[in-house]
>>> print(open('my_file.txt').read())   # compact mmCIF, C-alpha atoms and all ligand atoms
# COMPACT_ATOMS: atom_id res chain seq x y z
CA MET A 19 19.55 10.85 -11.22
CA THR A 20 21.32 9.28 -8.24
CA HIS A 21 22.19 11.06 -5.05
CA ALA A 22 24.85 9.90 -2.66
CA ASN A 23 23.26 11.50 0.37
CA GLN A 24 19.72 10.15 -0.01
CA MET A 25 17.37 8.66 2.58
CA HIS A 26 13.99 7.19 1.72
CA LEU A 27 10.99 7.47 4.02
CA PRO A 28 9.25 4.23 4.98
CA GLY A 29 6.14 3.63 2.88
CA GLN A 30 6.93 6.61 0.62
CA PRO A 31 9.01 5.12 -2.20
CA HIS A 32 8.89 8.28 -4.31
CA MET A 33 9.97 10.64 -1.54
CA ALA A 34 13.43 11.03 -0.09
CA TYR A 35 15.71 13.38 1.83
CA ARG A 36 18.56 14.55 -0.35
CA ASP A 37 21.30 16.63 1.15
CA GLY A 38 19.05 17.47 4.08
CA ALA A 39 15.90 18.47 2.15
CA LEU A 40 12.74 16.55 1.28
CA TRP A 41 12.04 15.77 -2.37
CA VAL A 42 9.13 14.21 -4.27
CA GLU A 43 10.57 12.50 -7.33
CA GLN A 44 13.02 15.10 -8.75
CA VAL A 45 11.40 18.16 -7.19
CA ALA A 46 12.23 19.79 -3.84
CA LEU A 47 9.07 20.34 -1.77
CA SER A 48 10.37 23.63 -0.39
CA GLU A 49 10.57 24.99 -3.94
CA LEU A 50 6.90 24.07 -4.52
CA ALA A 51 5.89 25.70 -1.21
CA ARG A 52 7.74 28.88 -2.24
CA GLN A 53 6.06 28.90 -5.61
CA TYR A 54 2.50 27.92 -4.69
CA GLY A 55 2.22 28.71 -0.98
CA THR A 56 0.91 26.51 1.82
CA PRO A 57 -1.04 24.46 2.73
CA LEU A 58 -0.23 22.60 -0.46
CA PHE A 59 -1.03 19.05 -1.54
CA VAL A 60 1.67 17.45 -3.67
CA TYR A 61 1.19 14.12 -5.46
CA SER A 62 3.75 11.90 -7.15
CA GLN A 63 2.57 10.64 -10.52
CA ALA A 64 5.15 7.84 -10.43
CA ALA A 65 3.78 6.67 -7.06
CA ILE A 66 0.22 6.52 -8.42
CA ILE A 67 1.30 4.68 -11.55
CA ALA A 68 3.41 2.27 -9.48
CA ALA A 69 0.46 1.52 -7.18
CA LEU A 70 -1.76 0.83 -10.19
CA ALA A 71 0.97 -1.33 -11.74
CA ASP A 72 1.02 -3.38 -8.54
CA TYR A 73 -2.66 -4.25 -9.09
CA GLN A 74 -2.11 -4.85 -12.79
CA ALA A 75 0.72 -7.27 -11.92
CA GLY A 76 -1.52 -9.11 -9.44
CA LEU A 77 -4.21 -9.50 -12.12
CA ALA A 78 -1.90 -10.21 -15.06
CA GLY A 79 -3.43 -12.47 -17.69
CA ARG A 80 -6.95 -12.13 -16.25
CA ARG A 81 -10.14 -10.60 -17.50
CA ALA A 82 -10.18 -7.88 -14.91
CA ARG A 83 -10.96 -4.19 -14.59
CA ILE A 84 -9.63 -1.86 -11.95
CA CYS A 85 -12.19 0.85 -11.15
CA TYR A 86 -10.53 3.58 -9.08
CA ALA A 87 -12.81 4.61 -6.20
CA MET A 88 -12.42 8.27 -6.99
CA LYS A 89 -13.91 9.59 -3.77
CA ALA A 90 -10.41 8.99 -2.36
CA ASN A 91 -9.06 11.78 -4.56
CA PRO A 92 -11.22 13.12 -7.38
CA ALA A 93 -8.77 15.69 -8.77
CA LEU A 94 -9.13 15.88 -12.55
CA GLY A 95 -5.34 15.74 -12.84
CA VAL A 96 -5.32 12.43 -10.95
CA ILE A 97 -8.26 10.96 -12.85
CA ARG A 98 -6.62 11.85 -16.13
CA ILE A 99 -3.43 9.90 -15.44
CA LEU A 100 -5.36 6.89 -14.13
CA ALA A 101 -7.68 6.87 -17.17
CA ALA A 102 -4.65 7.06 -19.47
CA ALA A 103 -3.12 4.09 -17.62
CA GLY A 104 -6.20 1.97 -18.32
CA CYS A 105 -8.16 2.45 -15.13
CA GLY A 106 -11.95 2.61 -14.89
CA PHE A 107 -13.80 4.43 -12.09
CA ASP A 108 -16.05 3.64 -9.16
CA ILE A 109 -18.29 6.64 -8.52
CA VAL A 110 -20.70 7.45 -5.70
CA SER A 111 -22.47 10.51 -7.14
CA GLY A 112 -23.49 12.19 -10.37
CA GLY A 113 -20.83 14.80 -9.72
CA GLU A 114 -18.14 12.14 -9.80
CA LEU A 115 -19.45 10.92 -13.17
CA GLN A 116 -19.23 14.47 -14.48
CA ARG A 117 -15.64 14.63 -13.24
CA VAL A 118 -14.74 11.45 -15.15
CA VAL A 119 -16.25 12.92 -18.30
CA ALA A 120 -14.57 16.31 -17.71
CA ALA A 121 -11.22 14.53 -17.35
CA GLY A 122 -11.73 12.76 -20.67
CA GLY A 123 -12.51 9.34 -19.12
CA GLN A 124 -15.03 6.92 -20.62
CA ALA A 125 -18.45 6.44 -18.99
CA SER A 126 -18.33 2.84 -20.20
CA THR A 127 -15.56 2.16 -17.64
CA VAL A 128 -17.64 3.55 -14.74
CA ILE A 129 -19.49 1.64 -12.03
CA PHE A 130 -21.85 3.45 -9.67
CA SER A 131 -21.88 2.61 -5.95
CA GLY A 132 -23.58 4.30 -3.00
CA VAL A 133 -26.69 3.84 -0.84
CA GLY A 134 -28.52 7.01 -1.86
CA LYS A 135 -28.51 7.40 -5.62
CA THR A 136 -31.17 9.87 -6.75
CA ARG A 137 -33.41 9.37 -9.78
CA ALA A 138 -31.63 12.23 -11.53
CA GLU A 139 -28.25 10.60 -10.91
CA MET A 140 -29.54 7.24 -12.15
CA ARG A 141 -30.88 8.83 -15.32
CA MET A 142 -27.64 10.69 -15.98
CA ALA A 143 -25.58 7.51 -15.51
CA LEU A 144 -27.91 5.41 -17.66
CA GLU A 145 -27.84 7.91 -20.50
CA ALA A 146 -24.05 8.17 -20.25
CA GLY A 147 -23.85 4.38 -20.65
CA ILE A 148 -22.01 3.33 -17.48
CA ALA A 149 -20.90 -0.28 -17.06
CA CYS A 150 -22.83 -1.17 -13.91
CA PHE A 151 -24.96 0.08 -11.04
CA ASN A 152 -24.00 -1.44 -7.70
CA VAL A 153 -27.42 -1.51 -6.08
CA GLU A 154 -27.45 -1.29 -2.30
CA SER A 155 -31.10 -2.00 -1.33
CA GLU A 156 -34.30 -3.57 -2.60
CA ALA A 157 -35.97 -0.16 -2.63
CA GLU A 158 -33.21 1.17 -4.88
CA LEU A 159 -33.75 -1.76 -7.24
CA ASP A 160 -37.40 -0.74 -7.70
CA VAL A 161 -36.51 2.88 -8.36
CA LEU A 162 -33.71 2.01 -10.80
CA ASN A 163 -36.10 -0.29 -12.68
CA GLU A 164 -38.65 2.54 -12.95
CA VAL A 165 -36.07 5.07 -14.11
CA ALA A 166 -34.71 2.62 -16.68
CA LEU A 167 -38.19 1.84 -18.04
CA SER A 168 -38.98 5.55 -18.30
CA THR A 169 -35.80 6.22 -20.30
CA GLY A 170 -36.21 3.14 -22.49
CA LEU A 171 -32.81 1.80 -21.40
CA ARG A 172 -31.87 -1.34 -19.48
CA ALA A 173 -29.76 -0.75 -16.42
CA PRO A 174 -26.84 -3.16 -15.91
CA VAL A 175 -26.85 -4.13 -12.22
CA SER A 176 -24.88 -5.85 -9.52
CA ILE A 177 -26.25 -6.12 -6.03
CA ARG A 178 -23.92 -5.16 -3.25
CA VAL A 179 -23.96 -7.98 -0.78
CA ASN A 180 -22.85 -7.77 2.77
CA PRO A 181 -20.66 -10.83 3.28
CA ASN A 182 -20.63 -10.16 7.05
CA VAL A 183 -16.89 -10.51 7.56
CA ASP A 184 -14.96 -8.37 10.00
CA PRO A 185 -12.27 -6.40 8.18
CA GLN A 186 -10.59 -5.61 11.53
CA THR A 187 -10.31 -1.92 10.82
CA HIS A 188 -11.69 1.30 12.35
CA PRO A 189 -15.47 0.99 12.97
CA TYR A 190 -16.21 4.08 10.84
CA ILE A 191 -14.55 2.54 7.81
CA SER A 192 -15.79 -1.03 8.20
CA THR A 193 -18.68 -1.53 5.81
CA GLY A 194 -19.28 -5.26 5.35
CA LEU A 195 -20.72 -6.13 8.76
CA LYS A 196 -24.40 -6.71 9.53
CA GLY A 197 -24.89 -3.45 11.39
CA ASN A 198 -23.74 -1.25 8.46
CA LYS A 199 -25.96 0.82 6.21
CA PHE A 200 -24.28 -0.63 3.11
CA GLY A 201 -25.36 -3.50 0.89
CA ILE A 202 -27.98 -6.13 1.51
CA ALA A 203 -27.73 -9.10 3.86
CA HIS A 204 -26.12 -12.23 2.45
CA GLU A 205 -29.23 -14.25 3.42
CA ARG A 206 -31.48 -11.97 1.34
CA ALA A 207 -29.15 -11.90 -1.66
CA LEU A 208 -30.50 -14.81 -3.69
CA ALA A 209 -34.13 -13.69 -3.36
CA THR A 210 -33.11 -10.16 -4.36
CA TYR A 211 -31.26 -11.45 -7.43
CA GLN A 212 -34.37 -13.37 -8.44
CA ARG A 213 -36.45 -10.20 -8.17
CA ALA A 214 -33.87 -8.19 -10.11
CA ALA A 215 -33.76 -10.80 -12.87
CA SER A 216 -37.52 -10.53 -13.29
CA MET A 217 -37.52 -6.73 -13.75
CA ALA A 218 -37.82 -5.55 -17.35
CA GLY A 219 -35.69 -2.44 -16.83
CA LEU A 220 -32.74 -4.30 -15.36
CA ARG A 221 -30.04 -6.60 -16.67
CA VAL A 222 -28.17 -8.55 -13.98
CA VAL A 223 -24.47 -8.54 -14.77
CA GLY A 224 -22.54 -9.07 -11.56
CA VAL A 225 -22.18 -9.47 -7.84
CA ASP A 226 -20.53 -6.87 -5.67
CA CYS A 227 -19.10 -6.46 -2.20
CA HIS A 228 -16.88 -3.98 -0.40
CA ILE A 229 -15.97 -5.00 3.11
CA GLY A 230 -14.25 -1.94 4.52
CA SER A 231 -11.24 0.28 4.25
CA GLN A 232 -7.61 0.40 5.42
CA ILE A 233 -7.62 -3.41 5.60
CA THR A 234 -4.13 -4.65 6.44
CA GLN A 235 -4.69 -8.40 6.50
CA GLU A 236 -5.40 -11.08 3.94
CA ALA A 237 -7.92 -13.06 5.96
CA PRO A 238 -10.98 -10.78 5.55
CA TYR A 239 -10.56 -10.90 1.76
CA MET A 240 -10.16 -14.66 1.75
CA ASP A 241 -13.31 -15.06 3.89
CA ALA A 242 -15.30 -12.61 1.76
CA MET A 243 -14.21 -14.41 -1.42
CA ASP A 244 -15.56 -17.71 -0.09
CA ARG A 245 -18.86 -16.13 0.95
CA MET A 246 -19.25 -14.38 -2.42
CA LEU A 247 -18.46 -17.50 -4.42
CA ASP A 248 -21.08 -19.45 -2.42
CA LEU A 249 -23.53 -16.81 -3.53
CA VAL A 250 -22.47 -16.80 -7.21
CA GLU A 251 -22.92 -20.56 -7.18
CA ALA A 252 -26.46 -20.23 -5.81
CA ILE A 253 -27.43 -17.40 -8.20
CA GLU A 254 -26.15 -19.24 -11.25
CA ALA A 255 -27.84 -22.45 -10.09
CA ALA A 256 -31.08 -20.45 -10.05
CA GLY A 257 -30.56 -19.74 -13.76
CA ILE A 258 -29.19 -16.18 -13.52
CA PRO A 259 -25.81 -15.92 -15.24
CA ILE A 260 -23.22 -13.70 -13.57
CA THR A 261 -20.67 -11.98 -15.81
CA HIS A 262 -18.46 -10.28 -13.27
CA ILE A 263 -17.48 -10.52 -9.63
CA ASP A 264 -16.71 -7.16 -8.03
CA PHE A 265 -14.54 -7.41 -4.96
CA GLY A 266 -14.62 -3.78 -3.92
CA GLY A 267 -11.62 -1.94 -2.55
CA GLY A 268 -10.31 -1.49 0.93
CA LEU A 269 -6.67 -2.49 0.78
CA GLY A 270 -4.74 -0.49 3.38
CA ILE A 271 -1.58 1.57 3.15
CA ASN A 272 1.36 2.34 5.41
CA TYR A 273 0.49 5.31 7.63
CA ASN A 274 2.38 4.26 10.74
CA GLY A 275 4.26 1.04 10.10
CA GLU A 276 1.26 -1.01 8.95
CA ARG A 277 2.28 -3.76 6.56
CA PRO A 278 -0.71 -4.51 4.36
CA PRO A 279 -0.21 -7.19 1.71
CA SER A 280 0.69 -5.75 -1.70
CA ALA A 281 -1.96 -6.03 -4.39
CA ALA A 282 0.57 -7.98 -6.45
CA SER A 283 0.83 -10.65 -3.73
CA LEU A 284 -2.79 -10.62 -2.52
CA TRP A 285 -4.61 -11.02 -5.83
CA PRO A 286 -2.85 -14.16 -7.06
CA LYS A 287 -3.93 -15.86 -3.82
CA LEU A 288 -7.53 -14.79 -4.28
CA LEU A 289 -7.45 -15.78 -7.94
CA GLU A 290 -6.19 -19.21 -6.92
CA LYS A 291 -9.32 -19.59 -4.81
CA LEU A 292 -11.46 -18.39 -7.70
CA ASP A 293 -9.86 -20.95 -10.01
CA ALA A 294 -10.06 -23.77 -7.46
CA ARG A 295 -13.79 -23.24 -7.17
CA GLY A 296 -14.31 -23.10 -10.94
CA PHE A 297 -15.02 -19.36 -11.32
CA GLY A 298 -11.74 -18.42 -13.02
CA ALA A 299 -13.46 -17.42 -16.26
CA HIS A 300 -15.61 -14.72 -14.63
CA GLN A 301 -14.48 -11.13 -15.09
CA LEU A 302 -13.07 -9.61 -11.93
CA LEU A 303 -13.69 -6.00 -10.91
CA LEU A 304 -11.84 -4.17 -8.16
CA GLU A 305 -12.56 -0.77 -6.62
CA PRO A 306 -9.35 0.38 -4.93
CA GLY A 307 -9.19 3.96 -3.70
CA ARG A 308 -6.75 4.61 -0.87
CA SER A 309 -4.18 2.05 -2.02
CA LEU A 310 -3.78 3.78 -5.40
CA VAL A 311 -3.26 7.33 -4.17
CA GLY A 312 -2.85 7.46 -0.37
CA ASN A 313 0.92 7.11 -0.14
CA ALA A 314 1.42 9.19 -3.30
CA GLY A 315 0.53 12.48 -1.62
CA VAL A 316 1.74 14.84 1.08
CA CYS A 317 0.39 18.06 2.52
CA VAL A 318 3.02 20.76 2.98
CA THR A 319 2.27 23.18 5.79
CA GLU A 320 4.09 26.06 7.47
CA VAL A 321 4.64 26.41 11.20
CA LEU A 322 2.89 29.66 12.14
CA TYR A 323 3.46 29.78 15.90
CA LEU A 324 5.09 27.74 18.61
CA LYS A 325 3.22 27.93 21.88
CA PRO A 326 5.01 26.01 24.63
CA GLY A 327 2.85 25.38 27.70
CA GLU A 328 2.90 23.81 31.14
CA THR A 329 1.31 20.53 30.17
CA LYS A 330 1.43 20.61 26.37
CA ASN A 331 3.41 22.37 23.68
CA PHE A 332 1.39 23.50 20.70
CA CYS A 333 2.79 23.82 17.21
CA ILE A 334 0.24 25.80 15.20
CA VAL A 335 0.49 25.18 11.46
CA ASP A 336 -1.40 26.68 8.53
CA ALA A 337 -3.11 23.40 7.53
CA ALA A 338 -6.19 22.44 9.53
CA MET A 339 -9.03 19.96 9.91
CA ASN A 340 -10.80 21.61 6.98
CA ASP A 341 -7.83 20.68 4.74
CA LEU A 342 -7.04 17.30 6.20
CA PRO A 343 -9.96 15.97 8.25
CA ARG A 344 -8.83 12.39 8.89
CA PRO A 345 -7.22 12.98 12.30
CA ALA A 346 -10.28 14.87 13.59
CA LEU A 347 -12.73 12.47 11.96
CA TYR A 348 -11.14 9.07 12.66
CA GLN A 349 -8.33 9.84 15.11
CA ALA A 350 -6.18 8.84 12.16
CA TYR A 351 -2.39 8.95 12.32
CA HIS A 352 -0.40 10.78 9.66
CA ALA A 353 3.37 10.98 9.98
CA ILE A 354 4.62 14.58 10.09
CA VAL A 355 8.19 15.32 9.04
CA PRO A 356 10.21 18.49 8.50
CA LEU A 357 11.15 19.55 4.98
CA ARG A 358 14.60 20.43 6.38
CA PRO A 359 15.42 18.52 9.57
CA ARG A 360 17.21 20.62 12.20
CA SER A 361 20.06 19.25 14.25
CA GLN A 362 18.79 20.57 17.63
CA ALA A 363 17.15 18.29 20.20
CA ALA A 364 13.49 17.56 19.50
CA THR A 365 10.58 18.76 21.64
CA VAL A 366 7.24 16.98 21.87
CA TRP A 367 4.46 18.96 20.15
CA GLU A 368 0.76 18.84 19.60
CA VAL A 369 0.54 19.77 15.92
CA VAL A 370 -2.71 21.73 15.48
CA GLY A 371 -4.38 23.95 12.91
CA PRO A 372 -5.91 27.44 13.15
CA VAL A 373 -9.57 26.28 13.17
CA CYS A 374 -11.63 27.12 16.26
CA GLU A 375 -12.21 23.54 17.44
CA SER A 376 -10.27 21.50 19.97
CA GLY A 377 -10.61 18.61 17.53
CA ASP A 378 -8.52 20.53 15.01
CA TRP A 379 -5.29 18.60 15.31
CA LEU A 380 -3.03 16.88 12.79
CA GLY A 381 -0.71 15.00 15.16
CA HIS A 382 -0.43 14.27 18.88
CA GLU A 383 2.87 14.10 20.75
CA ARG A 384 5.22 14.50 17.81
CA ALA A 385 8.91 14.85 18.57
CA LEU A 386 10.22 17.58 16.27
CA ALA A 387 12.94 20.24 16.37
CA LEU A 388 11.09 23.34 15.13
CA SER A 389 11.14 27.08 14.67
CA SER A 390 8.26 29.19 13.40
CA GLY A 391 8.42 29.53 9.64
CA ASP A 392 9.59 25.93 9.23
CA LEU A 393 7.85 23.79 6.64
CA LEU A 394 6.43 20.36 7.51
CA ALA A 395 5.07 17.56 5.35
CA VAL A 396 2.05 15.58 6.51
CA LEU A 397 2.62 12.20 4.86
CA SER A 398 0.24 9.70 3.25
CA ALA A 399 -2.14 12.54 2.43
CA GLY A 400 -3.11 11.46 -1.09
CA ALA A 401 -6.43 9.82 -0.13
CA TYR A 402 -9.44 11.12 1.82
CA CYS A 403 -7.71 14.40 2.67
CA MET A 404 -8.31 17.00 -0.05
CA SER A 405 -11.42 15.05 -1.09
CA MET A 406 -12.91 15.66 2.37
CA ALA A 407 -11.75 19.29 2.60
CA SER A 408 -14.31 21.95 3.45
CA ASN A 409 -14.56 25.73 3.78
CA TYR A 410 -15.06 25.59 7.56
CA ASN A 411 -13.97 28.88 9.13
CA SER A 412 -14.26 30.35 5.59
CA ARG A 413 -10.89 28.93 4.75
CA GLY A 414 -10.21 28.49 1.05
CA ARG A 415 -9.28 25.00 0.00
CA ALA A 416 -5.61 24.27 -0.64
CA ALA A 417 -3.86 24.12 -4.00
CA GLU A 418 -2.75 20.78 -5.51
CA VAL A 419 0.37 19.99 -7.51
CA LEU A 420 1.19 16.85 -9.49
CA VAL A 421 4.88 16.01 -9.81
CA SER A 422 6.25 13.86 -12.60
CA GLY A 423 10.02 13.45 -12.70
CA SER A 424 11.50 16.92 -12.56
CA SER A 425 8.33 18.71 -13.63
CA ALA A 426 5.59 19.96 -11.34
CA ARG A 427 2.18 21.04 -12.50
CA LEU A 428 -0.52 22.93 -10.62
CA ILE A 429 -3.68 20.80 -10.98
CA ARG A 430 -5.91 22.88 -8.73
CA SER A 431 -5.35 26.51 -7.87
CA ARG A 432 -5.83 27.76 -4.34
CA GLU A 433 -9.47 28.61 -3.70
CA THR A 434 -10.04 32.35 -3.46
CA ILE A 435 -12.60 34.29 -1.46
CA ASP A 436 -14.40 35.01 -4.75
CA ASP A 437 -14.73 31.26 -5.32
CA GLN A 438 -16.19 30.90 -1.84
CA LEU A 439 -18.64 33.79 -2.11
CA ARG A 440 -19.92 33.04 -5.61
CA CYS A 441 -23.02 30.98 -4.71
CA GLU A 442 -24.08 33.41 -1.99
CA LEU A 443 -23.62 36.56 -4.04
CA ARG A 444 -25.53 34.91 -6.90
CA ALA A 445 -28.39 34.00 -4.56
CA LEU A 446 -28.44 37.44 -3.00
CA GLY A 447 -28.46 39.02 -6.44
CA ASP A 448 -25.47 41.22 -5.59
C1 LIG B 501 -14.81 3.93 -0.57
C2 LIG B 501 -15.15 2.77 -1.40
C3 LIG B 501 -14.15 2.05 -2.05
C4 LIG B 501 -12.69 2.36 -1.91
O1 LIG B 501 -12.23 2.07 -0.63
P1 LIG B 501 -10.66 2.18 -0.31
O2 LIG B 501 -10.56 1.78 1.10
O3 LIG B 501 -10.29 3.61 -0.52
O4 LIG B 501 -9.94 1.27 -1.24
C5 LIG B 501 -14.54 1.02 -2.89
N1 LIG B 501 -15.84 0.70 -3.06
C6 LIG B 501 -16.83 1.36 -2.43
C7 LIG B 501 -18.22 0.95 -2.64
C8 LIG B 501 -16.52 2.41 -1.57
O5 LIG B 501 -17.50 3.04 -0.94
>>> encode(input="my_file.txt", output="structure tokens", more="lines below")
Ligand SMILES: *Cc1c(COP(=O)(O)O)cnc(C)c1O
Amino acid sequence: MTHANQMHLPGQPHMAYRDGALWVEQVALSELARQYGTPLFVYSQAAIIAALADYQAGLAGRRARICYAMKANPALGVIRILAAAGCGFDIVSGGELQRVVAAGGQASTVIFSGVGKTRAEMRMALEAGIACFNVESEAELDVLNEVALSTGLRAPVSIRVNPNVDPQTHPYISTGLKGNKFGIAHERALATYQRAASMAGLRVVGVDCHIGSQITQEAPYMDAMDRMLDLVEAIEAAGIPITHIDFGGGLGINYNGERPPSAASLWPKLLEKLDARGFGAHQLLLEPGRSLVGNAGVCVTEVLYLKPGETKNFCIVDAAMNDLPRPALYQAYHAIVPLRPRSQAATVWEVVGPVCESGDWLGHERALALSSGDLLAVLSAGAYCMSMASNYNSRGRAAEVLVSGSSARLIRSRETIDDQLRCELRALGD
């Protein structure tokens, strides 16, 4: 379908204004808000598939596996389409493994990251037959070895190494520097691999790193690649063969005019380095999260009250920090646009939610022409929004809809008070 009067939003290729209203693919957002209420998360299936295709293009002709870091958005409806498109999964808990299985995904495509895996989670993942454990400390190596020996299975392992490169991102989402809790120091890596290789319950299969998140430049990846290849060289020289090299995730998206490299342009450059150093035959694993789903989603919210003031004007909307915690948590910027732009002059607003915290804001100093009852879309809300949602203030979590072409499907119903009270009433015996 083509529309004469159509305007695309920067960084949101599957969203556009048509005849003065905002659409996702072939569905008007206001229609979804009417049908399902607000706050409402809406995801474009075409945007997710296009983001995955961008990685697949960058890795074309290679032995590579893309393992979606599902903590970015673990909705079963999202996992299902990624699994069907050939994606594996990077999990950080037993619950995430159970989600992959519940969505019909294969445990054999799963890799398990995270600094605090419990014995029970290790056992579950071993018995399910996951592809690899990304081990984050020497202590974890010992425990995984014990658990594997007690189950009579051999655990496939990579060790997450801290390449100590600065991803030049927000300190809370930079993970590959020396002061982080993640991974083990590059200097300790070889000795740790030698220990791992000597443990009867373990089978060394790869090396792993993940340097941070919302990375918008090429340089940190290029530096990390060099550091990791130095290590693979040393490990293999010590007689421990390495099957795969896992490069983690971290590629950024466009929230506010950032211009991260596309996966399709970044990976050929990194693969060139891999080839030049003689490691081109190794399997490559990637763990993208945000870059697969972040720009595919929006959160639709209704303006409840306008509260103009002497120093600040507050626009109070029905979405809050419990729905979309990134602004409160990281001072993150999300663009906020009206579903139907008005022609009046704009006023500058603090866009805030109903939660009883001064930190409950979605946008500072946003120029918008508004009336109460208007609908707004918080953009780039596909990653680390709903997945970080909570019940703070006893607010039920939002509903989620997946759009594909002209069809829209509810993939998570709005949480009810019964959903919220269930664990307590069960415990109280009421
Ligand atoms: C969060 C995480 C990712 C994904 O990061 P993005 O920035 O969302 O791509 C990948 N690997 C590990 C180990 C992670 O913790």
>>> residues_near_ligand(input="my_file.txt", ligand="ligand LIG 501 (chain B)", cutoff="7 Å", atoms="all atoms listed in the file", output="PyMOL selection string")
chain A and resi 87+89-90+108+131-132+228+230-232+266-270+305-309
>>> atom_distance(input="my_file.txt", atom1="atom CA of Gln63 of chain A", atom2="atom CA of Ala401 of chain A")
13.8 Å
>>> residues_around(input="my_file.txt", residues="Ala363 of chain A", least_positions_apart="4", cutoff="10 Å", atoms="all atoms listed in the file", output="PyMOL selection string")
chain A and resi 385-388
>>> atom_distance(input="my_file.txt", atom1="atom CA of Thr169 of chain A", atom2="atom CA of Arg137 of chain A")
11.2 Å
>>> residues_around(input="my_file.txt", residues="Cys403 of chain A", least_positions_apart="5", cutoff="10 Å", atoms="only C-alpha atoms", output="PyMOL selection string")
chain A and resi 59+90-91+312+315-317+339-345+398
>>> residues_around(input="my_file.txt", residues="Met246 of chain A", least_positions_apart="2", cutoff="8 Å", atoms="only C-alpha atoms", output="VMD selection string")
chain A and resid 181 225 227 242 to 244 248 to 250
>>> closest_residue(input="my_file.txt", among="A:Val118, A:Gln438, A:Ser425, A:Glu251", to="Ser408 of chain A", atoms="all atoms listed in the file")
A:Gln438
>>> closest_residue(input="my_file.txt", among="A:Glu145, A:Asp226, A:Glu368, A:Asp448", to="Thr261 of chain A", atoms="only C-alpha atoms")
A:Asp226
>>> residues_around(input="my_file.txt", residues="Pro359 of chain A", least_positions_apart="2", cutoff="8 Å", atoms="only C-alpha atoms", output="JSON, numbers by chain")
{"A": [38, 39, 355, 356, 357, 361, 387]}
>>> atom_distance(input="my_file.txt", atom1="atom CA of Asn23 of chain A", atom2="atom CA of Glu276 of chain A")
26.7 Å
>>> residues_near_point(input="my_file.txt", point="(-19.4, -24.4, -7.5)", cutoff="12 Å", atoms="all atoms listed in the file", output="ChimeraX atom specification")
/A:244-255,291-298
>>> build_atoms(input="my_file.txt", residues="segment 211-224 of chain A", atoms="N, CA and C atoms", output="PDB file, keeping the file's coordinate frame")
ATOM      1  N   TYR A 211     -31.697 -11.200  -6.046  1.00  0.00           N
ATOM      2  CA  TYR A 211     -31.260 -11.450  -7.430  1.00  0.00           C
ATOM      3  C   TYR A 211     -32.420 -11.982  -8.270  1.00  0.00           C
ATOM      4  N   GLN A 212     -33.234 -12.836  -7.673  1.00  0.00           N
ATOM      5  CA  GLN A 212     -34.370 -13.370  -8.440  1.00  0.00           C
ATOM      6  C   GLN A 212     -35.350 -12.265  -8.809  1.00  0.00           C
ATOM      7  N   ARG A 213     -35.584 -11.357  -7.871  1.00  0.00           N
ATOM      8  CA  ARG A 213     -36.450 -10.200  -8.170  1.00  0.00           C
ATOM      9  C   ARG A 213     -35.839  -9.370  -9.283  1.00  0.00           C
ATOM     10  N   ALA A 214     -34.542  -9.055  -9.131  1.00  0.00           N
ATOM     11  CA  ALA A 214     -33.870  -8.190 -10.110  1.00  0.00           C
ATOM     12  C   ALA A 214     -33.953  -8.803 -11.510  1.00  0.00           C
ATOM     13  N   ALA A 215     -33.764 -10.122 -11.570  1.00  0.00           N
ATOM     14  CA  ALA A 215     -33.760 -10.800 -12.870  1.00  0.00           C
ATOM     15  C   ALA A 215     -35.132 -10.753 -13.533  1.00  0.00           C
ATOM     16  N   SER A 216     -36.167 -10.550 -12.714  1.00  0.00           N
ATOM     17  CA  SER A 216     -37.520 -10.530 -13.290  1.00  0.00           C
ATOM     18  C   SER A 216     -37.951  -9.121 -13.703  1.00  0.00           C
ATOM     19  N   MET A 217     -37.127  -8.119 -13.452  1.00  0.00           N
ATOM     20  CA  MET A 217     -37.520  -6.730 -13.750  1.00  0.00           C
ATOM     21  C   MET A 217     -37.097  -6.349 -15.159  1.00  0.00           C
ATOM     22  N   ALA A 218     -38.056  -5.806 -15.921  1.00  0.00           N
ATOM     23  CA  ALA A 218     -37.820  -5.550 -17.350  1.00  0.00           C
ATOM     24  C   ALA A 218     -36.797  -4.449 -17.592  1.00  0.00           C
ATOM     25  N   GLY A 219     -36.630  -3.552 -16.621  1.00  0.00           N
ATOM     26  CA  GLY A 219     -35.690  -2.440 -16.830  1.00  0.00           C
ATOM     27  C   GLY A 219     -34.261  -2.764 -16.429  1.00  0.00           C
ATOM     28  N   LEU A 220     -34.064  -3.969 -15.886  1.00  0.00           N
ATOM     29  CA  LEU A 220     -32.740  -4.300 -15.360  1.00  0.00           C
ATOM     30  C   LEU A 220     -32.111  -5.466 -16.105  1.00  0.00           C
ATOM     31  N   ARG A 221     -30.797  -5.481 -16.112  1.00  0.00           N
ATOM     32  CA  ARG A 221     -30.040  -6.600 -16.670  1.00  0.00           C
ATOM     33  C   ARG A 221     -28.983  -6.957 -15.621  1.00  0.00           C
ATOM     34  N   VAL A 222     -29.135  -8.140 -15.010  1.00  0.00           N
ATOM     35  CA  VAL A 222     -28.170  -8.550 -13.980  1.00  0.00           C
ATOM     36  C   VAL A 222     -26.841  -8.885 -14.642  1.00  0.00           C
ATOM     37  N   VAL A 223     -25.775  -8.247 -14.181  1.00  0.00           N
ATOM     38  CA  VAL A 223     -24.470  -8.540 -14.770  1.00  0.00           C
ATOM     39  C   VAL A 223     -23.439  -9.037 -13.759  1.00  0.00           C
ATOM     40  N   GLY A 224     -23.612  -8.689 -12.487  1.00  0.00           N
ATOM     41  CA  GLY A 224     -22.540  -9.070 -11.560  1.00  0.00           C
ATOM     42  C   GLY A 224     -22.976  -9.193 -10.117  1.00  0.00           C
TER      43      GLY A 224
END
